$ cat final-v7.txt   # compact mmCIF, C-alpha atoms and all ligand atoms
# COMPACT_ATOMS: atom_id res chain seq x y z
CA MET A 1 222.31 21.95 159.03
CA HIS A 2 219.65 20.79 156.59
CA ASN A 3 218.93 17.21 155.58
CA VAL A 4 218.15 18.26 152.05
CA VAL A 5 218.28 21.49 150.11
CA ILE A 6 216.51 21.71 146.76
CA ILE A 7 217.71 24.32 144.31
CA GLY A 8 214.89 25.50 142.07
CA SER A 9 211.13 25.84 142.43
CA GLY A 10 209.84 24.62 139.08
CA CYS A 11 208.10 21.29 138.55
CA ALA A 12 211.19 19.24 139.40
CA GLY A 13 212.08 21.13 142.59
CA ASN A 14 208.50 21.28 143.85
CA THR A 15 207.92 17.59 143.28
CA ALA A 16 211.17 16.75 145.08
CA ALA A 17 209.91 18.99 147.91
CA VAL A 18 206.55 17.17 148.11
CA TYR A 19 208.28 13.79 148.37
CA THR A 20 211.10 14.74 150.75
CA GLY A 21 208.60 16.77 152.81
CA ARG A 22 206.30 13.82 153.10
CA ALA A 23 209.28 11.69 154.12
CA GLY A 24 209.73 14.05 157.08
CA LEU A 25 213.02 15.52 155.85
CA LYS A 26 211.93 19.19 156.14
CA PRO A 27 213.41 20.24 152.77
CA LEU A 28 214.57 23.78 152.15
CA VAL A 29 213.75 25.00 148.63
CA ILE A 30 215.80 27.87 147.26
CA LYS A 31 213.45 29.43 144.74
CA GLY A 32 215.93 30.89 142.23
CA TRP A 33 215.65 33.98 140.06
CA GLU A 34 212.80 32.59 138.00
CA ALA A 35 210.60 31.35 140.86
CA GLY A 36 208.23 28.69 139.60
CA GLY A 37 210.48 27.92 136.65
CA GLN A 38 209.41 27.87 133.04
CA LEU A 39 205.79 27.03 133.89
CA SER A 40 205.47 30.41 135.50
CA ILE A 41 205.82 32.07 132.09
CA THR A 42 203.49 29.81 130.14
CA SER A 43 199.76 30.32 129.88
CA GLU A 44 197.56 27.27 129.83
CA VAL A 45 198.96 23.76 130.42
CA GLU A 46 196.77 21.17 128.74
CA ASN A 47 199.02 18.11 128.79
CA PHE A 48 199.71 17.67 132.50
CA PRO A 49 197.72 14.55 133.40
CA GLY A 50 195.00 15.04 135.98
CA PHE A 51 193.62 18.34 134.70
CA PRO A 52 191.05 17.47 132.04
CA GLN A 53 190.14 21.13 131.52
CA GLY A 54 193.79 22.26 131.57
CA ILE A 55 195.34 24.53 134.16
CA LEU A 56 197.30 27.78 134.04
CA GLY A 57 201.06 27.19 134.33
CA PRO A 58 201.54 29.59 137.28
CA GLU A 59 198.58 28.01 139.08
CA LEU A 60 199.93 24.48 138.60
CA VAL A 61 203.30 25.39 140.02
CA GLU A 62 201.76 27.32 142.93
CA ASN A 63 199.58 24.28 143.74
CA MET A 64 202.70 22.13 143.86
CA LYS A 65 204.37 24.58 146.23
CA GLN A 66 201.36 24.62 148.56
CA GLN A 67 201.29 20.84 148.52
CA ALA A 68 204.97 20.72 149.51
CA GLU A 69 204.43 23.32 152.25
CA ARG A 70 201.65 21.18 153.67
CA PHE A 71 204.31 18.54 154.29
CA GLY A 72 206.74 20.94 155.93
CA ALA A 73 208.82 22.21 153.00
CA GLU A 74 210.27 25.66 153.49
CA TYR A 75 210.77 28.11 150.62
CA MET A 76 213.45 30.75 150.52
CA ASP A 77 213.78 33.70 148.12
CA GLY A 78 217.03 34.18 146.27
CA ALA A 79 219.38 32.12 144.16
CA VAL A 80 222.58 30.18 144.77
CA SER A 81 225.56 32.23 143.65
CA GLU A 82 228.33 29.91 144.88
CA ALA A 83 228.57 26.28 145.94
CA ASP A 84 231.20 24.18 147.68
CA LEU A 85 230.57 20.52 146.88
CA SER A 86 234.10 19.39 147.75
CA LYS A 87 233.00 17.74 150.99
CA ARG A 88 229.88 17.06 153.05
CA PRO A 89 228.07 18.92 154.37
CA PHE A 90 227.78 20.81 151.10
CA ARG A 91 227.80 24.58 151.37
CA LEU A 92 225.70 26.97 149.31
CA ARG A 93 225.80 30.70 149.21
CA VAL A 94 222.52 32.63 148.87
CA GLU A 95 223.20 36.35 148.91
CA ASP A 96 225.38 36.84 152.01
CA GLN A 97 224.28 33.69 153.78
CA TRP A 98 225.96 30.25 153.66
CA ILE A 99 223.66 27.23 153.96
CA GLU A 100 224.85 23.74 154.93
CA THR A 101 223.18 20.54 153.86
CA ARG A 102 223.77 16.79 153.98
CA THR A 103 222.25 16.23 150.54
CA LEU A 104 221.45 18.42 147.58
CA ILE A 105 218.92 18.18 144.77
CA ILE A 106 219.76 20.44 141.85
CA ALA A 107 216.58 21.34 140.00
CA SER A 108 217.71 24.73 138.76
CA GLY A 109 216.39 24.13 135.26
CA ALA A 110 217.37 25.60 131.96
CA SER A 111 216.35 29.00 130.80
CA ALA A 112 215.19 29.55 127.24
CA ARG A 113 217.59 31.70 125.30
CA TRP A 114 215.73 34.76 124.06
CA LEU A 115 216.50 37.33 121.39
CA ASN A 116 216.39 39.90 124.19
CA LEU A 117 214.41 42.50 122.28
CA PRO A 118 212.30 44.65 124.64
CA SER A 119 209.17 43.99 122.52
CA GLU A 120 209.81 40.22 122.63
CA GLN A 121 210.25 40.24 126.41
CA LYS A 122 207.01 42.16 126.97
CA LEU A 123 204.99 39.76 124.82
CA ILE A 124 206.17 36.48 126.37
CA GLY A 125 202.97 34.55 127.11
CA HIS A 126 201.02 36.86 124.78
CA GLY A 127 202.02 35.33 121.48
CA VAL A 128 205.74 34.91 122.16
CA SER A 129 206.69 31.44 123.35
CA SER A 130 209.75 29.24 123.70
CA CYS A 131 207.86 25.95 123.73
CA ALA A 132 205.92 24.61 120.75
CA THR A 133 204.71 21.53 122.64
CA CYS A 134 203.24 23.79 125.31
CA ASP A 135 201.68 26.53 123.22
CA GLY A 136 201.34 25.32 119.60
CA PHE A 137 197.77 24.23 120.15
CA PHE A 138 196.64 27.85 120.63
CA TYR A 139 197.58 28.75 117.05
CA ARG A 140 195.18 26.59 115.08
CA ASP A 141 194.84 28.08 111.57
CA LYS A 142 196.95 31.02 112.66
CA GLN A 143 200.14 32.45 111.22
CA ILE A 144 203.21 31.14 113.04
CA MET A 145 206.88 32.14 112.93
CA VAL A 146 209.79 30.15 114.34
CA ILE A 147 213.23 31.67 114.95
CA GLY A 148 216.38 29.51 114.84
CA GLY A 149 218.42 27.19 112.68
CA GLY A 150 219.08 24.23 114.99
CA ASP A 151 217.31 20.92 115.57
CA THR A 152 214.84 22.50 117.98
CA ALA A 153 213.76 25.07 115.38
CA MET A 154 213.28 22.34 112.74
CA GLU A 155 211.40 20.11 115.14
CA GLU A 156 209.17 22.93 116.37
CA ALA A 157 208.48 24.21 112.85
CA ASN A 158 207.44 20.73 111.74
CA PHE A 159 205.32 20.19 114.83
CA LEU A 160 203.64 23.59 114.46
CA THR A 161 202.48 22.85 110.90
CA ARG A 162 199.88 20.61 112.56
CA PHE A 163 198.23 23.74 113.90
CA GLY A 164 199.27 26.78 111.91
CA ARG A 165 197.99 27.86 108.53
CA ASN A 166 201.59 28.39 107.60
CA VAL A 167 204.91 28.39 109.48
CA MET A 168 207.71 30.80 108.59
CA LEU A 169 211.15 29.71 109.74
CA VAL A 170 213.51 32.63 110.15
CA HIS A 171 217.25 31.99 110.47
CA ARG A 172 220.09 34.50 110.70
CA ARG A 173 222.46 32.65 108.32
CA ASP A 174 222.12 30.69 105.07
CA THR A 175 223.47 27.44 106.49
CA PHE A 176 222.03 25.41 109.33
CA ARG A 177 223.27 23.96 112.58
CA ALA A 178 220.41 21.44 112.45
CA SER A 179 221.15 17.80 111.58
CA LYS A 180 220.64 16.81 107.94
CA ILE A 181 217.66 14.60 108.63
CA MET A 182 215.79 17.22 110.66
CA LEU A 183 216.53 19.92 108.10
CA GLU A 184 215.41 17.76 105.18
CA ARG A 185 212.20 16.89 106.94
CA ALA A 186 211.42 20.58 107.43
CA GLN A 187 212.41 21.44 103.86
CA ALA A 188 210.09 18.74 102.55
CA ASN A 189 207.15 20.18 104.49
CA PRO A 190 205.10 22.36 102.12
CA LYS A 191 203.68 24.41 105.01
CA ILE A 192 207.12 25.72 106.05
CA GLU A 193 208.51 28.82 104.37
CA PHE A 194 212.24 29.41 104.92
CA ILE A 195 213.41 32.99 105.40
CA MET A 196 217.20 33.05 105.49
CA ASN A 197 219.93 35.55 106.40
CA THR A 198 217.31 37.36 108.42
CA GLY A 199 217.11 38.75 111.92
CA VAL A 200 214.19 39.95 114.02
CA GLU A 201 214.20 43.69 114.63
CA GLU A 202 210.97 44.04 116.57
CA VAL A 203 207.91 42.10 117.63
CA LEU A 204 204.72 44.03 116.92
CA GLY A 205 201.54 44.09 118.99
CA LEU A 206 202.51 45.90 122.20
CA GLU A 207 199.40 48.08 122.09
CA GLN A 208 197.11 45.07 121.67
CA ASN A 209 199.16 43.11 124.25
CA SER A 210 199.21 40.28 121.72
CA VAL A 211 201.59 39.55 118.85
CA THR A 212 200.34 40.92 115.53
CA GLY A 213 203.49 40.84 113.43
CA VAL A 214 207.26 40.86 113.26
CA ARG A 215 209.61 43.37 111.67
CA LEU A 216 212.47 41.53 109.98
CA LYS A 217 215.77 42.65 108.52
CA ASN A 218 217.70 40.91 105.78
CA LEU A 219 221.20 40.81 107.25
CA VAL A 220 222.86 40.76 103.80
CA THR A 221 220.94 43.51 101.98
CA GLY A 222 219.73 45.46 105.02
CA GLU A 223 216.19 45.45 103.64
CA GLU A 224 213.42 45.54 106.25
CA THR A 225 210.04 43.83 105.89
CA THR A 226 207.03 43.33 108.15
CA ARG A 227 205.18 40.02 108.30
CA ALA A 228 201.82 39.43 109.97
CA VAL A 229 202.25 36.80 112.72
CA ASP A 230 200.02 35.52 115.54
CA GLY A 231 202.50 33.25 117.31
CA LEU A 232 206.26 33.72 117.53
CA PHE A 233 208.30 30.73 118.74
CA VAL A 234 211.86 31.52 119.71
CA ALA A 235 213.92 28.31 119.34
CA ILE A 236 217.49 29.50 119.67
CA GLY A 237 218.58 27.14 122.42
CA HIS A 238 218.47 26.85 126.19
CA ILE A 239 221.01 27.67 128.86
CA PRO A 240 221.20 25.23 131.80
CA ASN A 241 221.51 26.96 135.15
CA THR A 242 224.68 25.29 136.39
CA LYS A 243 227.10 28.19 136.78
CA PRO A 244 227.80 27.70 140.51
CA PHE A 245 228.79 24.06 139.88
CA VAL A 246 231.30 24.52 137.07
CA GLY A 247 234.53 22.67 137.90
CA GLN A 248 232.81 20.55 140.59
CA LEU A 249 230.05 18.60 138.88
CA ASP A 250 230.36 16.62 135.67
CA LEU A 251 228.80 18.88 133.04
CA ASP A 252 228.63 18.32 129.29
CA ALA A 253 229.98 20.76 126.72
CA ASP A 254 226.80 22.87 126.89
CA GLY A 255 226.72 22.95 130.70
CA TYR A 256 224.02 20.31 131.32
CA ILE A 257 224.60 17.97 134.28
CA VAL A 258 225.81 14.54 133.21
CA SER A 259 223.76 11.83 134.86
CA HIS A 260 225.59 9.01 136.60
CA GLY A 261 222.52 6.76 136.58
CA GLY A 262 219.07 7.48 138.00
CA ALA A 263 219.15 10.92 139.59
CA ARG A 264 222.83 10.65 140.59
CA THR A 265 225.58 13.06 139.68
CA ASN A 266 229.30 12.32 139.98
CA ILE A 267 229.20 13.57 143.60
CA HIS A 268 227.78 11.28 146.28
CA GLY A 269 224.81 13.06 147.89
CA VAL A 270 224.17 15.47 145.01
CA PHE A 271 221.22 14.62 142.77
CA HIS A 272 219.80 16.18 139.63
CA ALA A 273 216.18 16.66 138.58
CA GLY A 274 214.56 18.16 135.51
CA ASP A 275 215.78 20.36 132.68
CA VAL A 276 219.17 21.03 134.28
CA GLN A 277 220.06 17.52 133.10
CA ASP A 278 217.41 16.89 130.42
CA ARG A 279 217.85 18.53 127.05
CA VAL A 280 215.57 16.12 125.24
CA TYR A 281 212.09 15.93 126.82
CA ARG A 282 211.84 19.21 128.79
CA GLN A 283 208.24 18.67 129.86
CA ALA A 284 206.55 19.59 133.13
CA ILE A 285 205.57 15.99 133.69
CA THR A 286 209.05 14.57 132.99
CA ALA A 287 210.58 17.19 135.29
CA ALA A 288 208.09 16.24 138.00
CA GLY A 289 208.98 12.57 137.54
CA ALA A 290 212.67 13.40 137.80
CA GLY A 291 212.02 15.37 141.00
CA CYS A 292 210.34 12.32 142.47
CA MET A 293 213.32 10.11 141.52
CA ALA A 294 215.81 12.51 143.09
CA ALA A 295 213.72 12.67 146.28
CA ILE A 296 213.52 8.90 146.63
CA GLU A 297 217.27 8.54 146.15
CA THR A 298 217.91 11.29 148.71
CA GLU A 299 215.61 9.64 151.21
CA ARG A 300 217.32 6.26 150.79
CA LEU A 301 220.78 7.74 151.16
CA LEU A 302 219.88 9.65 154.34
CA GLU A 303 218.18 6.62 155.77
CA ALA A 304 221.21 4.43 155.06
CA GLU A 305 223.34 7.01 156.84
CA GLY A 306 221.05 7.00 159.85
CA HIS A 307 219.61 10.53 159.53
P1 LIG B 401 221.36 24.96 118.89
O1 LIG B 401 222.36 25.65 119.72
O2 LIG B 401 221.73 23.72 118.17
O3 LIG B 401 220.84 25.96 117.77
C1 LIG B 401 220.46 27.26 118.10
C2 LIG B 401 220.10 27.99 116.82
O4 LIG B 401 219.64 29.28 117.18
C3 LIG B 401 221.26 28.17 115.85
O5 LIG B 401 220.82 27.99 114.53
C4 LIG B 401 221.69 29.61 116.10
O6 LIG B 401 222.17 30.27 114.94
C5 LIG B 401 220.40 30.27 116.50
N1 LIG B 401 220.62 31.38 117.40
C6 LIG B 401 221.31 31.40 118.56
N2 LIG B 401 221.28 32.62 119.12
C7 LIG B 401 220.58 33.40 118.27
C8 LIG B 401 220.22 34.76 118.28
N3 LIG B 401 220.55 35.56 119.29
N4 LIG B 401 219.50 35.23 117.25
C9 LIG B 401 219.14 34.43 116.23
N5 LIG B 401 219.45 33.12 116.16
C10 LIG B 401 220.17 32.62 117.17
O7 LIG B 401 220.09 24.75 119.86
P2 LIG B 401 218.87 23.74 119.71
O8 LIG B 401 217.95 24.07 120.82
O9 LIG B 401 218.33 23.74 118.35
O10 LIG B 401 219.49 22.32 120.01
C11 LIG B 401 220.19 22.07 121.22
C12 LIG B 401 220.69 20.63 121.23
O11 LIG B 401 219.60 19.71 121.34
C13 LIG B 401 221.43 20.23 119.95
O12 LIG B 401 222.48 19.37 120.29
C14 LIG B 401 220.39 19.51 119.16
O13 LIG B 401 220.94 18.58 118.23
C15 LIG B 401 219.59 18.80 120.24
N6 LIG B 401 218.21 18.53 119.82
C16 LIG B 401 217.94 17.32 119.23
C17 LIG B 401 216.67 17.04 118.80
C18 LIG B 401 216.40 15.71 118.19
O14 LIG B 401 217.35 15.02 117.85
N7 LIG B 401 215.16 15.33 118.04
C19 LIG B 401 215.57 17.99 118.93
C20 LIG B 401 215.97 19.23 119.52
C21 LIG B 401 217.24 19.48 119.94
P3 LIG B 401 223.61 29.95 114.34
O15 LIG B 401 223.49 28.61 113.69
O16 LIG B 401 223.82 31.07 113.39
O17 LIG B 401 224.56 29.97 115.49
$ encode --input "final-v7.txt" --output "structure tokens" --more "lines below"
Ligand code: NDP
Amino acid sequence: MHNVVIIGSGCAGNTAAVYTGRAGLKPLVIKGWEAGGQLSITSEVENFPGFPQGILGPELVENMKQQAERFGAEYMDGAVSEADLSKRPFRLRVEDQWIETRTLIIASGASARWLNLPSEQKLIGHGVSSCATCDGFFYRDKQIMVIGGGDTAMEEANFLTRFGRNVMLVHRRDTFRASKIMLERAQANPKIEFIMNTGVEEVLGLEQNSVTGVRLKNLVTGEETTRAVDGLFVAIGHIPNTKPFVGQLDLDADGYIVSHGGARTNIHGVFHAGDVQDRVYRQAITAAGAGCMAAIETERLLEAEGH
């Protein structure tokens, strides 16, 4: 029986592990399929306070893990495939093992939705990114392309015009899911070129191990074109990792955990931290802050219960 199990080993999970570890709760962290979370697939992180020269994403997250281990946190490979939150102790299935815990911190994150082209997957971190705030800075005076037609795509395209020479926004239809205000702002930006009814066929640059261009296809005429590109930002949404909790936790229409104040969920003893609940900020530092909040609430609950 564990005092606290933390699902996820990104910024939120690791921070929760540092705090609950330091509180003497011996947290168990279940790493998940994408160990280290989204930071593990970014390159340099320049906006995490405390690192004036920046730090590599994988290094930052590994440092957090080591810090948590110093305070007695235990890390376990694997991901939760099933959960029973109907009563305490909560039960979690990891492969063929069931784990019992008094409290649970869900920090399983959200995964960027990708186009799932083999060339795109191979060039993630080498010119392909899912986070303009994280990686836009590296494309000063470069040619940038954004994929998507929602608010994120509009926001990222606008943001990226601060850096790029030009930003092409490629969308598969001729109408947008984005809100009117966000769309109009992007349309009014002279540095954004809209390319409509168009899909990505292939990302170029495998030989150089760095994006050099994108092969596009007009989905109405079938015509193919190649555009030179240095940075490709895929902004086609995120998928929160909440599958094992469907039907048990309050989730919104897109599957994000609904907060019941602070780090609380609708279930007493189950807390949320990071991108699994946050669709707005999605930053390493906000996830870390949320991990800290969840840890403090866990600690107080266990203390009140005499554990
Ligand atoms: P959305 O789901 O709103 O939009 C995703 C976009 O990606 C759609 O245009 C969709 O095309 C396109 N897309 C999806 N899959 C593919 C694919 N395989 N290939 C090509 N294109 C694809 O996601 P967002 O991340 O934009 O937004 C998520 C939520 O967050 C929304 O509720 C949004 O309003 C909100 N948000 C709000 C912001 C703000 O207010 N400042 C900023 C950012 C997000 P199609 O339209 O054809 O389906």
$ residues_near_ligand --input "final-v7.txt" --ligand "ligand LIG 401 (chain B)" --cutoff "6 Å" --atoms "only C-alpha atoms and all ligand atoms" --output "PDB file with C-alpha atoms, in the coordinates of the input"
ATOM      1  CA  LEU A 115     216.500  37.330 121.390  1.00  0.00           C
ATOM      2  CA  GLY A 148     216.380  29.510 114.840  1.00  0.00           C
ATOM      3  CA  GLY A 149     218.420  27.190 112.680  1.00  0.00           C
ATOM      4  CA  GLY A 150     219.080  24.230 114.990  1.00  0.00           C
ATOM      5  CA  ASP A 151     217.310  20.920 115.570  1.00  0.00           C
ATOM      6  CA  THR A 152     214.840  22.500 117.980  1.00  0.00           C
ATOM      7  CA  ALA A 153     213.760  25.070 115.380  1.00  0.00           C
ATOM      8  CA  ARG A 172     220.090  34.500 110.700  1.00  0.00           C
ATOM      9  CA  ARG A 173     222.460  32.650 108.320  1.00  0.00           C
ATOM     10  CA  PHE A 176     222.030  25.410 109.330  1.00  0.00           C
ATOM     11  CA  ARG A 177     223.270  23.960 112.580  1.00  0.00           C
ATOM     12  CA  ILE A 236     217.490  29.500 119.670  1.00  0.00           C
ATOM     13  CA  GLY A 237     218.580  27.140 122.420  1.00  0.00           C
TER      14      GLY A 237
END
$ closest_atom_pairs --input "final-v7.txt" --of "range 177-272 of chain A" --to "range 16-26 of chain A" --cutoff "12 Å" --atoms "all atoms listed in the file" --output "CSV"
residue,atom,partner,partner_atom,distance
A:Ala263,CA,A:Ala16,CA,11.3
A:Phe271,CA,A:Ala16,CA,10.5
A:His272,CA,A:Ala16,CA,10.2
$ closest_atom_pairs --input "final-v7.txt" --of "range 25-110 of chain A" --to "range 246-262 of chain A" --cutoff "12 Å" --atoms "only C-alpha atoms" --output "JSON lines"
{"residue": "A:Ser81", "atom": "CA", "partner": "A:Val246", "partner_atom": "CA", "distance": 11.6}
{"residue": "A:Glu82", "atom": "CA", "partner": "A:Val246", "partner_atom": "CA", "distance": 9.9}
{"residue": "A:Ala83", "atom": "CA", "partner": "A:Gln248", "partner_atom": "CA", "distance": 8.9}
{"residue": "A:Asp84", "atom": "CA", "partner": "A:Gln248", "partner_atom": "CA", "distance": 8.1}
{"residue": "A:Leu85", "atom": "CA", "partner": "A:Gln248", "partner_atom": "CA", "distance": 6.7}
{"residue": "A:Ser86", "atom": "CA", "partner": "A:Gln248", "partner_atom": "CA", "distance": 7.4}
{"residue": "A:Lys87", "atom": "CA", "partner": "A:Gln248", "partner_atom": "CA", "distance": 10.8}
{"residue": "A:Phe90", "atom": "CA", "partner": "A:Gln248", "partner_atom": "CA", "distance": 11.7}
{"residue": "A:Ile105", "atom": "CA", "partner": "A:Ile257", "partner_atom": "CA", "distance": 11.9}
{"residue": "A:Ile106", "atom": "CA", "partner": "A:Ile257", "partner_atom": "CA", "distance": 9.3}
{"residue": "A:Ala107", "atom": "CA", "partner": "A:Ile257", "partner_atom": "CA", "distance": 10.4}
{"residue": "A:Ser108", "atom": "CA", "partner": "A:Ile257", "partner_atom": "CA", "distance": 10.6}
{"residue": "A:Gly109", "atom": "CA", "partner": "A:Tyr256", "partner_atom": "CA", "distance": 9.4}
{"residue": "A:Ala110", "atom": "CA", "partner": "A:Tyr256", "partner_atom": "CA", "distance": 8.5}
$ residues_around --input "final-v7.txt" --residues "Arg102 in chain A" --least-positions-apart "6" --cutoff "8 Å" --atoms "only C-alpha atoms" --output "list in words"
Met1, His2, Asn3, Val4, Arg88, Pro89, Phe90 and Gly269 of chain A
$ write_last_selection --input "final-v7.txt" --atoms "C-alpha atoms" --output "mmCIF file, keeping the file's coordinate frame"
data_model
loop_
_atom_site.group_PDB
_atom_site.id
_atom_site.type_symbol
_atom_site.label_atom_id
_atom_site.label_comp_id
_atom_site.auth_asym_id
_atom_site.auth_seq_id
_atom_site.Cartn_x
_atom_site.Cartn_y
_atom_site.Cartn_z
ATOM 1 C CA MET A 1 222.310 21.950 159.030
ATOM 2 C CA HIS A 2 219.650 20.790 156.590
ATOM 3 C CA ASN A 3 218.930 17.210 155.580
ATOM 4 C CA VAL A 4 218.150 18.260 152.050
ATOM 5 C CA ARG A 88 229.880 17.060 153.050
ATOM 6 C CA PRO A 89 228.070 18.920 154.370
ATOM 7 C CA PHE A 90 227.780 20.810 151.100
ATOM 8 C CA GLY A 269 224.810 13.060 147.890
#
$ closest_residue --input "final-v7.txt" --among "A:His307, A:Glu202, A:Ala273, A:Leu56" --to "Ala295 in chain A" --atoms "only C-alpha atoms"
A:Ala273
$ closest_residue --input "final-v7.txt" --among "A:Val128, A:Asn158, A:Arg282, A:Val276" --to "Asn116 in chain A" --atoms "all atoms listed in the file"
A:Val128
$ atom_distance --input "final-v7.txt" --atom1 "CA of Asp135 in chain A" --atom2 "CA of Ile195 in chain A"
22.3 Å
$ atom_distance --input "final-v7.txt" --atom1 "CA of Asp174 in chain A" --atom2 "CA of Gly199 in chain A"
11.7 Å
$ closest_residue --input "final-v7.txt" --among "A:Met64, A:Val214, A:Ile124, A:Ala12" --to "Thr42 in chain A" --atoms "all atoms listed in the file"
A:Ile124
